[in-house]
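S.K.: Following this message is one structure expressed as structure tokens.
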Amino acid sequence: MILLVRILSGFAVAWLLAMVVSAPAPLLAQAAAVHTQLAARGLPADLTVAVESLAARAGAQGLPWEPLADKAIEGWAKHVPAARIVAAVRVFAGRMGEGRSAVRGAGVAEPDAALIRAAAEALGSGLAQPEIGAVVRAAPRLALAAPALTVAAALRAQGFSSEQAVAVVAESMRGGRTMTQLLDIPQAARAMQLQGMPPGEIGRRILRAPPHGTIMPGVPGMPPGGMLPGGMPPGGMPPPLPRQPIQPPIMLNPMP
């Protein structure tokens with residue numbers, strides 16, 4: 001593994017040297033930023049150089065480099081072998097390109113970094129490019145597109161099929177749900193899963209909920225607002241913790 005990373009790093013060094021000679025100032029600044037961020041997190045030199053080269057290639061294609069650095073840092077923090085980190089970063093860089101194509105195909109000529117990243121994560125969860133396009137087109141405003149893709153990816157991770165995840169997210173947006181309500185869907189779906197509901201029934205209950213109310217009334221025995229008098233949900237359990245930002249799991253095994 002170490003030998004493989006060193007071989008890859010050798011090619012990366014040569015590529016970076018060639019880039020330094022011809023790269024415009026923004027790309028040089030990007031390379032410095034990547035190096036600083038990775039070195040600050042303690043990544044070894046060989047791995048840092050390999051990730052830098054992948055980030056530089058992504059930047060040259062107009063893709064964001066930050067998600068690649070984040071993937072490398074997360075993998076290193078989880079003690080993933082360096083060769084697998086490099087492979088995962090390379091795969092994610094490819095997914096960002098595919099995700100950008102899918103978003104552009106949905107009518108967004110210049111997607112920002114957040115939308116490209118969300119599209120790449122959605123691809124990693126199992127959504128196909130046409131399904132990503134369907135979610136983006138369903139967003140009533142562009143600011144909802146990235147969160148919507150993140151929610152769809154989270155539902156896929158919870159066992160929903162791609163078709164079910166896209167339908168729930170797209171129809172929720174068409175029904176007028178706010179961004180906060182949209183981001184609450186995975187938590188509500190998880191609560192229903194704990195009640196033993198299958199994904200299809202969960203999706204139907206979510207879509208039947210009032211567009212400007214809570215989704216939680218779809219859970220058996222859960223009154224409007226999800227709480228009994230006194231702030232306790234059914235069964236006497238403590239209230240749920242505040243919603244946390246959804247972070248799709250890192251995928252460190254490259255797709256075959």
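Simple scheme: letters A, B, ... for chains in structure tokens order, numbers from 1 for residues in each chain, numbers from 1 for ligands in the order shown.
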Mind checking which residues fall within 9 Å of Ala152 in chain A, counting only C-alpha atoms, ignoring those fewer than 4 positions away in the same chain, and posting them as a ChimeraX atom specification?
M.R.: /A:122,125,127,135,147-148,156-157,160,162,164-166,168-169,186
S.K.: DSSP says alpha helix (DSSP H) for which residues of range 79-204 of chain A? Put them as a PyMOL selection string?
M.R.: chain A and resi 82-105+113-125+129-138+145-157+162-174+179-194+199-204
S.K.: Extract, using only C-alpha atoms, all DNA, RNA and protein residues at most 7 Å from range 35-40 of chain A, discarding same-chain residues fewer than 3 positions from it, and format them as a count of residues only.
M.R.: 7
S.K.: Do a neighbour search on Gly107 in chain A at 10 Å with only C-alpha atoms, toss out local chain neighbours closer than 6 positions, and write the hits as a PyMOL selection string.
M.R.: chain A and resi 133+136-137
S.K.: Store the residues picked out above in a file with C-alpha atoms, as a CSV table (one decimal), in the first residue's frame.
M.R.:
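Okay, again_32.csv is ready:
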```csv
chain,number,residue,atom,x,y,z
A,133,GLY,CA,-31.9,16.2,-12.5
A,136,VAL,CA,-33.1,19.8,-9.1
A,137,ARG,CA,-35.9,20.6,-11.5
```
S.K.: Rounded to one decimal, what separation in Å do you get between CA of Glu74 in chain A and CA of Gln181 in chain A?
M.R.: 28.5 Å
S.K.: Please identify all polymer residues within 12 Å of Ala119 in chain A, counting only C-alpha atoms, omitting same-chain residues fewer than 2 positions from it, and present them as a PyMOL selection string.
M.R.: chain A and resi 67+92-104+106+111-117+121-136+145-153+248
S.K.: With only C-alpha atoms as the atoms that count, which of A:Met197, A:Ala120, A:Asp46, A:Ala88 lies nearest to Leu63 in chain A?
M.R.: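 Using only C-alpha atoms, Leu63 in chain A sits closest to A:Ala120.
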